[in-house]
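Colleague: One structure, as structure tokens, below. Some questions next.
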Amino acid sequence: MDLSGIEAIDIHTHPQTEEFLAAMGARRRQMGEHFKSERTPVSFAEQAELFREKAMLAVLCNSDDETISGVPPAPNDLIGQAAKDHPDVFIPFAGIDPWKGEEAIAEIRRCHDEFAIRGIGELNPTRQKFYPNDERLYPVWEVCQELGLVVMFHIGYPGAGAGRPGGMGYKLDNIRPLHLDAMAADFPDLNVIAAHPGWPFHSENLAACWHKSNYWIDLSGFAPKYWPPEVIHYANSLIQDRVLFGTDWPVVGIDRWLEEFAELDFKPHVRRKIMIENAARLLGFDLPET
């Protein structure tokens with residue numbers, strides 16, 4: 001992909017067409033009430049233009065929790081077609097349900113062959129009720145490693161079930177970074193993204209990233225002014241080469257993220273790493289010489 005004129009790569013965005021909103025099921029209303037922000041449809045063309053105006057590329061994420069929720073996912077074909085329609089903006093990831101086993105593996109291979117996906121995700125261990133280091137799921141991760149795909153996992157506080165009795169049955173333990181750390185140890189040639197700073201387990205998240213060179217952290221989902229100081233310190237120093245710009249759009253708006261990030265005391269060369277250089281290296285893109 002030609003990165004000439006590109007200023008940033010948002011590693012974490014979510015389509016908001018009717019199909020993807022329907023796939024949220026009961027979570028659409030629950031999360032809207034918890035975060036006081038109702039999800040409304042946005043076309044792929046509108047989303048593409050939003051990022052195009054910012055001179056940004058955007059990873060399109062998808063998810064499939066049908067085994068647990070019973071709600072059919074939005075087809076990955078929609079993301080594949082969006083990337084074909086807007087190749088100057090969108091980078092396709094595919095959503096899979098790891099509990100679907102061979103069906104999930106076949107879907108990964110299909111999306112890789114048909115749409116040239118760069119990764120899988122966002123997987124959500126809380127909502128999909130799995131642990132990344134559950135060896136029953138290792139055949140899925142083996143295929144991702146074989147194909148050279150990045151795999152993104154939600155880590156830290158989940159929006160799903162938040163503010164409801166019993167959290168709608170979702171448990172925080174599933175999204176502790178140490179479970180992903182154990183999986184990253186077993187798959188050293190698989191690059192994993194811990195989506196979000198990882199609060200309230202951010203110290204575990206930072207330790208895993210510092211310890212394993214195939215463990216990456218994206219800074220999405222939390223507005224920068226709410227990042228714990230420890231996250232800022234490590235992102236600006238010891239793990240600066242594996243921290244990624246991400247908004248979790250539409251959860252956090254692009255302008256808000258950029259404005260609040262600009263107010264934090266990051267070194268200039270680290271800012272560029274976070275905004276574009278690290279993601280380009282992770283996804284296998286060549287940056288033009290400056």
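All residue names refer to the structure tokens as shown: chains lettered A, B, ... in order, residues numbered from 1 in each chain, ligands numbered from 1 in order.
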For segment 233-235 of chain A, work out the shell of residues within 12 Å, counting only C-alpha atoms and skipping chain neighbours fewer than 5 positions away, then give it as a PyMOL selection string.

Modeller: chain A and resi 197+202-203+205-210+216-219+227-228+240-245+264-267+269-271+273-274+278

Colleague: Would you kindly return, as an NGL selection string, each protein, DNA or RNA residue with an atom no farther than 7 Å from any atom of segment 132-149 of chain A, considering only C-alpha atoms and excluding same-chain residues fewer than 2 positions away?

Modeller: :A and (98 or 101 or 105 or 118-120 or 130 or 151 or 179-180 or 182-183 or 189-190)

Colleague: Could you state the separation of atom CA of Lys171 of chain A and atom CA of Thr126 of chain A in Å, given to one decimal place?

Modeller: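 Atom CA of Thr126 of chain A lies at a distance of 5.9 Å from atom CA of Lys171 of chain A.
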
Colleague: Which is closest to Phe201 of chain A among A:Ile68, A:Leu172, A:Ala185, A:Ala106, if we use only C-alpha atoms?

Modeller: A:Leu172

Colleague: If we count only C-alpha atoms and set the cut-off at 8 Å, which residues sit around Leu283 of chain A, ignoring sequence neighbours fewer than 2 positions away in its own chain? Please answer as a PDB file with N, CA and C atoms, in the first residue's frame.

Modeller:
```
ATOM      1  N   ARG A 118      -5.283  -8.370   6.539  1.00  0.00           N
ATOM      2  CA  ARG A 118      -4.007  -8.228   7.242  1.00  0.00           C
ATOM      3  C   ARG A 118      -4.064  -8.789   8.654  1.00  0.00           C
ATOM      4  N   VAL A 150      -1.967 -10.642  11.813  1.00  0.00           N
ATOM      5  CA  VAL A 150      -2.009 -10.039  13.137  1.00  0.00           C
ATOM      6  C   VAL A 150      -3.339 -10.439  13.793  1.00  0.00           C
ATOM      7  N   ALA A 279       2.728   0.907  13.225  1.00  0.00           N
ATOM      8  CA  ALA A 279       1.673   0.176  12.514  1.00  0.00           C
ATOM      9  C   ALA A 279       2.139  -0.230  11.123  1.00  0.00           C
ATOM     10  N   ALA A 280       2.868   0.650  10.441  1.00  0.00           N
ATOM     11  CA  ALA A 280       3.375   0.314   9.108  1.00  0.00           C
ATOM     12  C   ALA A 280       4.290  -0.903   9.181  1.00  0.00           C
ATOM     13  N   ARG A 281       5.161  -0.931  10.184  1.00  0.00           N
ATOM     14  CA  ARG A 281       6.062  -2.077  10.341  1.00  0.00           C
ATOM     15  C   ARG A 281       5.284  -3.345  10.678  1.00  0.00           C
ATOM     16  N   PHE A 285       3.957  -2.559   5.695  1.00  0.00           N
ATOM     17  CA  PHE A 285       3.937  -1.474   4.722  1.00  0.00           C
ATOM     18  C   PHE A 285       5.286  -0.742   4.745  1.00  0.00           C
TER      19      PHE A 285
END
```

Colleague: Return as a list in words the full set of residues in segment 52-128 of chain A whose backbone-based DSSP assignment is alpha helix (DSSP H).

Modeller: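 Checking each residue of segment 52-128 of chain A, the alpha helix (DSSP H) ones are Arg52, Glu66, Thr67, Ile68, Ser69, Asn76, Asp77, Leu78, Ile79, Gly80, Gln81, Ala82, Ala83, Lys84, Asp85, Glu102, Glu103, Ala104, Ile105, Ala106, Glu107, Ile108, Arg109, Arg110, Cys111, His112, Asp113, Glu114 and Phe115 of chain A.
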
Colleague: Taking N, CA, C and O atoms for each residue, export the selection above as a compact mmCIF listing (two decimals), in the first residue's frame.

Modeller:
```txt
# COMPACT_ATOMS: atom_id res chain seq x y z
N ARG A 52 -10.18 9.90 5.19
CA ARG A 52 -9.47 10.47 4.05
C ARG A 52 -9.15 11.94 4.29
O ARG A 52 -8.06 12.42 3.97
N GLU A 66 -21.48 -15.40 17.69
CA GLU A 66 -22.74 -16.12 17.49
C GLU A 66 -22.88 -17.32 18.41
O GLU A 66 -23.98 -17.63 18.88
N THR A 67 -21.79 -18.05 18.68
CA THR A 67 -21.87 -19.22 19.55
C THR A 67 -22.44 -18.85 20.92
O THR A 67 -23.24 -19.59 21.50
N ILE A 68 -22.03 -17.70 21.44
CA ILE A 68 -22.47 -17.27 22.77
C ILE A 68 -23.78 -16.51 22.71
O ILE A 68 -24.69 -16.74 23.52
N SER A 69 -23.91 -15.59 21.77
CA SER A 69 -25.07 -14.68 21.74
C SER A 69 -26.23 -15.20 20.91
O SER A 69 -27.38 -14.80 21.12
N ASN A 76 -18.03 -10.88 6.77
CA ASN A 76 -16.72 -10.31 6.48
C ASN A 76 -16.63 -9.79 5.05
O ASN A 76 -15.81 -8.92 4.76
N ASP A 77 -17.47 -10.31 4.18
CA ASP A 77 -17.48 -9.85 2.78
C ASP A 77 -17.75 -8.34 2.70
O ASP A 77 -17.26 -7.68 1.77
N LEU A 78 -18.51 -7.80 3.65
CA LEU A 78 -18.79 -6.36 3.62
C LEU A 78 -17.52 -5.56 3.84
O LEU A 78 -17.30 -4.52 3.21
N ILE A 79 -16.67 -6.04 4.74
CA ILE A 79 -15.39 -5.37 4.98
C ILE A 79 -14.47 -5.55 3.78
O ILE A 79 -13.79 -4.60 3.35
N GLY A 80 -14.46 -6.76 3.22
CA GLY A 80 -13.62 -7.00 2.05
C GLY A 80 -14.01 -6.10 0.89
O GLY A 80 -13.14 -5.54 0.21
N GLN A 81 -15.31 -5.93 0.67
CA GLN A 81 -15.77 -5.07 -0.42
C GLN A 81 -15.47 -3.61 -0.13
O GLN A 81 -15.11 -2.85 -1.04
N ALA A 82 -15.63 -3.21 1.13
CA ALA A 82 -15.32 -1.81 1.49
C ALA A 82 -13.86 -1.49 1.22
O ALA A 82 -13.52 -0.40 0.75
N ALA A 83 -12.98 -2.44 1.51
CA ALA A 83 -11.55 -2.23 1.25
C ALA A 83 -11.27 -2.15 -0.24
O ALA A 83 -10.39 -1.40 -0.68
N LYS A 84 -12.02 -2.91 -1.03
CA LYS A 84 -11.85 -2.83 -2.48
C LYS A 84 -12.39 -1.51 -3.03
O LYS A 84 -11.83 -0.94 -3.95
N ASP A 85 -13.49 -1.04 -2.44
CA ASP A 85 -14.09 0.21 -2.89
C ASP A 85 -13.27 1.43 -2.47
O ASP A 85 -13.30 2.46 -3.15
N GLU A 102 -13.17 -25.50 12.99
CA GLU A 102 -12.81 -25.65 11.58
C GLU A 102 -13.52 -24.63 10.70
O GLU A 102 -12.97 -24.18 9.69
N GLU A 103 -14.73 -24.28 11.06
CA GLU A 103 -15.45 -23.25 10.30
C GLU A 103 -14.73 -21.91 10.42
O GLU A 103 -14.62 -21.17 9.42
N ALA A 104 -14.24 -21.59 11.60
CA ALA A 104 -13.49 -20.35 11.78
C ALA A 104 -12.19 -20.38 10.98
O ALA A 104 -11.81 -19.38 10.34
N ILE A 105 -11.51 -21.51 10.99
CA ILE A 105 -10.26 -21.64 10.24
C ILE A 105 -10.52 -21.48 8.75
O ILE A 105 -9.76 -20.79 8.05
N ALA A 106 -11.58 -22.10 8.25
CA ALA A 106 -11.92 -21.97 6.83
C ALA A 106 -12.23 -20.53 6.47
O ALA A 106 -11.87 -20.04 5.39
N GLU A 107 -12.90 -19.81 7.39
CA GLU A 107 -13.23 -18.40 7.13
C GLU A 107 -11.97 -17.55 7.10
O GLU A 107 -11.86 -16.62 6.28
N ILE A 108 -11.04 -17.83 7.97
CA ILE A 108 -9.77 -17.10 7.96
C ILE A 108 -9.06 -17.29 6.63
O ILE A 108 -8.60 -16.33 5.99
N ARG A 109 -8.97 -18.53 6.19
CA ARG A 109 -8.29 -18.81 4.91
C ARG A 109 -9.03 -18.16 3.74
O ARG A 109 -8.41 -17.60 2.82
N ARG A 110 -10.35 -18.21 3.77
CA ARG A 110 -11.13 -17.61 2.68
C ARG A 110 -10.90 -16.10 2.62
O ARG A 110 -10.65 -15.55 1.54
N CYS A 111 -10.99 -15.45 3.76
CA CYS A 111 -10.81 -13.99 3.78
C CYS A 111 -9.38 -13.60 3.39
O CYS A 111 -9.17 -12.57 2.73
N HIS A 112 -8.42 -14.41 3.78
CA HIS A 112 -7.03 -14.15 3.39
C HIS A 112 -6.88 -14.24 1.87
O HIS A 112 -6.24 -13.39 1.24
N ASP A 113 -7.49 -15.26 1.27
CA ASP A 113 -7.35 -15.48 -0.16
C ASP A 113 -8.17 -14.48 -0.98
O ASP A 113 -7.71 -13.99 -2.01
N GLU A 114 -9.38 -14.17 -0.51
CA GLU A 114 -10.29 -13.34 -1.31
C GLU A 114 -10.09 -11.84 -1.06
O GLU A 114 -10.26 -11.04 -2.00
N PHE A 115 -9.77 -11.47 0.15
CA PHE A 115 -9.74 -10.04 0.50
C PHE A 115 -8.38 -9.55 0.96
O PHE A 115 -8.24 -8.37 1.30
```
